[in-house]
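Structure first, commentary second.
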Amino acid sequence: MQYYIDVKLGFKFAVKKPVSFTPHHVTMASSYDRALTVFSPDGHLFQVEYALEAVRRGTCAVNIKTVVGVRGKDSVVLGVEKKSVLKLQDPRTVRKVVLLDDHVCMAFAGLNADARVLINKARMECQSHRLTVEDPVSVEYISRYIAGVQQKYTQSGGVRPFGISTLIIGFDKDKTGQSVPKLYQTDPSGIYSAWRANAIGKSATTVREFLEKNWKEDLLEDETVKLAVKSLLEVVQTGSKNIEIAIMRNEGVLVNLTADEVDAISKIIEKEKEVEAEKNKKPGQSSSSGLVPMQS
């Protein structure tokens, strides 16, 4: 590994492939790296990309590794892989899933401190909307508002982007007046989009691939919850004890499953996997020694 020193800024940079870089290139990259509102020559905003990387990797300030959201026929579910709290820490103070309004719920992956600021802004907007319009916000409206706040922090000097991505769930009225479950995602760049199922955080790619293979239309509530737990178990090494599940039902009621309920669902999933493994065994294969007895 070769090191370069930026004389102007006084920083030392480590470069694994020194053949493809020169001190001039390193100096130029560092100047764009430090500026939030300046594009690099190849069209990048490095600080925004670093915020996205903070969401993907997680840091010591992150209490949430992976978040999954699954939309069903009459419910929508948020599942969270949480880190184990310290022995002397009160687990009630570590919030993973929060209410923005009576019918809108949000989970996030990224920096807790950044999330707290964004949550307070979103709650204020929900109450302001009720006071002004005399109607609750729609899930699409508050998702667009949160994305707008995140985008402003990518275009102003003296600030940095929010280091979080969010999954927002709730129910909106369709053209016929019926309540329809909704799931939206926002990210540090200010983009928001609607999803049937999605994941954010450290192992989002693995979970999202699993959801793409197993999600179906018109999932019932039990099937939606099971899919959320099953997708998290693909990446959670410690089992169901570090999984939190929140269900938003048609009435706009948020229900948090207890640890025992999540563990019961996890055991059902494990039994189903064992049955599936037995079916996939080759005929005549012995589970004890792997030998087939000879016939005389």
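Numbering starts fresh at 1 for the residues of each chain in the structure tokens, the chains themselves are lettered A, B, ... in the order given, and ligands are numbered from 1 as they appear.
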
> Leaving out Val77 in chain A and any residue of its chain fewer than 6 positions from it, which residues lie within 12 Å of it when counting only C-alpha atoms, given as a ChimeraX atom specification?
Replying inline: /A:67-71,97,104-107,167-171,181-183,196-199,219-229,244-250,253-257

If you keep C-alpha atoms, can you produce a file of those selected residues as a PDB file, in the first residue's frame?
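Dumped to selection22.pdb:
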```pdb
ATOM      1  CA  VAL A  67     -35.282  -3.309   8.588  1.00  0.00           C
ATOM      2  CA  VAL A  68     -37.841  -5.103   6.429  1.00  0.00           C
ATOM      3  CA  GLY A  69     -41.298  -3.996   5.357  1.00  0.00           C
ATOM      4  CA  VAL A  70     -43.927  -6.302   3.802  1.00  0.00           C
ATOM      5  CA  ARG A  71     -47.317  -5.230   2.453  1.00  0.00           C
ATOM      6  CA  VAL A  97     -40.320   1.470  15.382  1.00  0.00           C
ATOM      7  CA  VAL A 104     -48.579   6.140  10.151  1.00  0.00           C
ATOM      8  CA  CYS A 105     -45.554   4.249  11.442  1.00  0.00           C
ATOM      9  CA  MET A 106     -41.862   4.434  10.584  1.00  0.00           C
ATOM     10  CA  ALA A 107     -38.730   2.357  11.085  1.00  0.00           C
ATOM     11  CA  LEU A 167     -39.521   2.582   5.756  1.00  0.00           C
ATOM     12  CA  ILE A 168     -42.930   4.191   6.303  1.00  0.00           C
ATOM     13  CA  ILE A 169     -46.161   2.190   6.556  1.00  0.00           C
ATOM     14  CA  GLY A 170     -49.836   3.009   6.970  1.00  0.00           C
ATOM     15  CA  PHE A 171     -53.219   3.048   5.236  1.00  0.00           C
ATOM     16  CA  PRO A 181     -52.002  -0.644   2.921  1.00  0.00           C
ATOM     17  CA  LYS A 182     -49.010   1.420   1.822  1.00  0.00           C
ATOM     18  CA  LEU A 183     -45.239   1.013   2.156  1.00  0.00           C
ATOM     19  CA  ARG A 196     -44.739  -4.047  -2.094  1.00  0.00           C
ATOM     20  CA  ALA A 197     -41.891  -5.308   0.086  1.00  0.00           C
ATOM     21  CA  ASN A 198     -38.450  -3.907   0.764  1.00  0.00           C
ATOM     22  CA  ALA A 199     -35.479  -3.938   3.117  1.00  0.00           C
ATOM     23  CA  LEU A 219     -51.034 -12.036   1.523  1.00  0.00           C
ATOM     24  CA  LEU A 220     -53.124 -12.495   4.660  1.00  0.00           C
ATOM     25  CA  GLU A 221     -51.905 -11.042   7.941  1.00  0.00           C
ATOM     26  CA  ASP A 222     -50.431 -14.295   9.257  1.00  0.00           C
ATOM     27  CA  GLU A 223     -48.642 -14.914   5.955  1.00  0.00           C
ATOM     28  CA  THR A 224     -47.316 -11.339   5.885  1.00  0.00           C
ATOM     29  CA  VAL A 225     -45.915 -11.609   9.418  1.00  0.00           C
ATOM     30  CA  LYS A 226     -44.377 -14.997   8.697  1.00  0.00           C
ATOM     31  CA  LEU A 227     -42.694 -13.686   5.539  1.00  0.00           C
ATOM     32  CA  ALA A 228     -41.227 -10.717   7.437  1.00  0.00           C
ATOM     33  CA  VAL A 229     -39.829 -12.971  10.189  1.00  0.00           C
ATOM     34  CA  GLU A 244     -39.008  -6.951  16.572  1.00  0.00           C
ATOM     35  CA  ILE A 245     -42.271  -7.077  14.598  1.00  0.00           C
ATOM     36  CA  ALA A 246     -44.902  -4.327  14.296  1.00  0.00           C
ATOM     37  CA  ILE A 247     -48.215  -4.831  12.459  1.00  0.00           C
ATOM     38  CA  MET A 248     -50.384  -2.007  11.099  1.00  0.00           C
ATOM     39  CA  ARG A 249     -53.939  -3.190  10.562  1.00  0.00           C
ATOM     40  CA  ASN A 250     -56.795  -1.795   8.508  1.00  0.00           C
ATOM     41  CA  VAL A 253     -53.994   0.223  14.895  1.00  0.00           C
ATOM     42  CA  LEU A 254     -50.328  -0.619  15.468  1.00  0.00           C
ATOM     43  CA  VAL A 255     -49.670  -3.921  17.231  1.00  0.00           C
ATOM     44  CA  ASN A 256     -46.208  -4.870  18.482  1.00  0.00           C
ATOM     45  CA  LEU A 257     -45.644  -8.602  18.839  1.00  0.00           C
TER      46      LEU A 257
END
```

What's the 9 Å shell around Glu81 in chain A, counting only C-alpha atoms, without same-chain residues fewer than 4 positions away, as an mmCIF file with N, CA and C atoms, in the first residue's frame?
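Output saved as part_39.cif:
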```cif
data_model
loop_
_atom_site.group_PDB
_atom_site.id
_atom_site.type_symbol
_atom_site.label_atom_id
_atom_site.label_comp_id
_atom_site.auth_asym_id
_atom_site.auth_seq_id
_atom_site.Cartn_x
_atom_site.Cartn_y
_atom_site.Cartn_z
ATOM 1 N N ILE A 64 -29.726 -0.316 14.865
ATOM 2 C CA ILE A 64 -30.583 -1.129 14.012
ATOM 3 C C ILE A 64 -29.775 -1.575 12.805
ATOM 4 N N LYS A 65 -29.713 -2.870 12.582
ATOM 5 C CA LYS A 65 -28.926 -3.398 11.469
ATOM 6 C C LYS A 65 -29.758 -3.484 10.194
ATOM 7 N N THR A 66 -30.880 -4.205 10.246
ATOM 8 C CA THR A 66 -31.681 -4.454 9.062
ATOM 9 C C THR A 66 -33.149 -4.213 9.383
ATOM 10 N N VAL A 67 -33.850 -3.562 8.453
ATOM 11 C CA VAL A 67 -35.282 -3.309 8.588
ATOM 12 C C VAL A 67 -35.968 -3.850 7.350
ATOM 13 N N VAL A 68 -37.081 -4.544 7.538
ATOM 14 C CA VAL A 68 -37.841 -5.103 6.429
ATOM 15 C C VAL A 68 -39.290 -4.658 6.539
ATOM 16 N N LYS A 96 -37.025 1.393 18.030
ATOM 17 C CA LYS A 96 -36.785 0.855 16.692
ATOM 18 C C LYS A 96 -37.907 1.230 15.716
ATOM 19 N N LEU A 232 -36.020 -11.971 7.786
ATOM 20 C CA LEU A 232 -35.012 -11.514 8.736
ATOM 21 C C LEU A 232 -34.154 -12.662 9.250
ATOM 22 N N VAL A 235 -30.733 -13.443 7.744
ATOM 23 C CA VAL A 235 -29.515 -12.673 8.021
ATOM 24 C C VAL A 235 -29.227 -12.526 9.515
ATOM 25 N N VAL A 236 -30.217 -12.780 10.366
ATOM 26 C CA VAL A 236 -30.019 -12.630 11.809
ATOM 27 C C VAL A 236 -29.350 -13.889 12.348
ATOM 28 N N SER A 240 -34.554 -15.383 16.839
ATOM 29 C CA SER A 240 -35.698 -14.483 16.967
ATOM 30 C C SER A 240 -35.595 -13.509 18.125
ATOM 31 N N ASN A 242 -33.589 -11.193 18.726
ATOM 32 C CA ASN A 242 -33.206 -9.852 18.308
ATOM 33 C C ASN A 242 -34.076 -9.338 17.163
ATOM 34 N N ILE A 243 -35.284 -9.880 17.050
ATOM 35 C CA ILE A 243 -36.216 -9.455 16.016
ATOM 36 C C ILE A 243 -37.428 -8.791 16.662
ATOM 37 N N GLU A 244 -37.812 -7.661 16.118
ATOM 38 C CA GLU A 244 -39.008 -6.951 16.572
ATOM 39 C C GLU A 244 -39.978 -6.814 15.402
#
```

>> Just the number, please: distance in Å from CA of Arg116 in chain A to CA of Val98 in chain A, one decimal.
In response: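 Between CA of Arg116 in chain A and CA of Val98 in chain A the gap is 10.0 Å.
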
> as a PyMOL selection string, which residues of range 77-296 of chain A does DSSP assign to alpha helix (DSSP H)?
Replying inline: chain A and resi 112-133+139-152+204-214+221-233+259-279

Could you list, as a short mmCIF file (atom, residue, chain, number, x, y, z; two decimals) with C-alpha atoms, in the first residue's frame, every residue within 9 Å of Asn120 in chain A, counting only C-alpha atoms and ignoring same-chain residues fewer than 5 positions away?
```cif
data_model
loop_
_atom_site.label_atom_id
_atom_site.label_comp_id
_atom_site.auth_asym_id
_atom_site.auth_seq_id
_atom_site.Cartn_x
_atom_site.Cartn_y
_atom_site.Cartn_z
CA LEU A 100 -45.58 9.54 13.30
CA ALA A 115 -33.47 9.78 13.08
CA GLU A 125 -45.86 18.19 10.06
#
```

So that each row is one residue of range 60-156 of chain A with an atom at most 10 Å from range 45-51 of chain A, can you give its shortest atom pair and the distance in Å to one decimal, using only C-alpha atoms, rows by chain and rising number, as a tab-separated table?
```
residue	atom	partner	partner_atom	distance
A:Gly110	CA	A:Ala51	CA	8.8
A:Leu111	CA	A:Ala51	CA	9.8
A:Gln151	CA	A:Val48	CA	9.7
A:Tyr153	CA	A:Val48	CA	9.3
A:Thr154	CA	A:Val48	CA	6.7
A:Gln155	CA	A:Val48	CA	9.9
```

> Rounded to one decimal in Å, what is the spacing between CA of Phe210 in chain A and CA of Thr258 in chain A?
Replying inline: 24.5 Å

>> One number please: CA of Ala54 in chain A to CA of Val149 in chain A, in Å, one decimal.
In response: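 Going from CA of Ala54 in chain A over to CA of Val149 in chain A, I get 18.2 Å.
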
> Looking only at the backbone, which of the residues in range 45-201 of chain A does DSSP tag as strand (DSSP E), as an MDAnalysis selection string?
Replying inline: chainID A and resid 64:71 75:82 97:101 104:110 164:173 179:186 192:194 197:201

Need to verify the contact set: Asp218 in chain A, 8 Å, only C-alpha atoms, exclusion of same-chain residues closer than 4 positions in sequence. Can you return it as a PDB file with N, CA and C atoms, in the first residue's frame?
```
ATOM      1  N   GLY A  72     -49.282  -6.588   2.851  1.00  0.00           N
ATOM      2  CA  GLY A  72     -50.223  -7.667   2.589  1.00  0.00           C
ATOM      3  C   GLY A  72     -51.545  -7.147   2.052  1.00  0.00           C
ATOM      4  N   LYS A  73     -52.561  -7.991   2.089  1.00  0.00           N
ATOM      5  CA  LYS A  73     -53.872  -7.618   1.567  1.00  0.00           C
ATOM      6  C   LYS A  73     -54.576  -6.635   2.486  1.00  0.00           C
ATOM      7  N   ASP A  74     -54.561  -6.896   3.785  1.00  0.00           N
ATOM      8  CA  ASP A  74     -55.269  -6.059   4.746  1.00  0.00           C
ATOM      9  C   ASP A  74     -54.381  -5.621   5.905  1.00  0.00           C
TER      10      ASP A  74
END
```

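For the residues A:Ile164, A:Val139, A:Leu131, A:Leu78, ranking by smallest atom-to-atom distance to Leu118 in chain A using only C-alpha atoms places A:Ile164 first.
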
>> Give me the residues near Ser193 in chain A as a list in words, where near means some atom within 9 Å (using only C-alpha atoms) and where sequence neighbours in that chain fewer than 2 positions away do not count.
In response: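 Result of the neighbour search: Glu140, Ser143, Arg144, Leu183, Tyr184, Gln185, Thr186, Ile191 and Trp195 of chain A.
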
> Which residue, A:Ser179, A:Ser75, A:Gly163, A:Ile119, has the smallest gap to Ser138 in chain A when you use only C-alpha atoms?
Replying inline: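 Nearest candidate to Ser138 in chain A out of A:Ser179, A:Ser75, A:Gly163, A:Ile119: A:Ser179.
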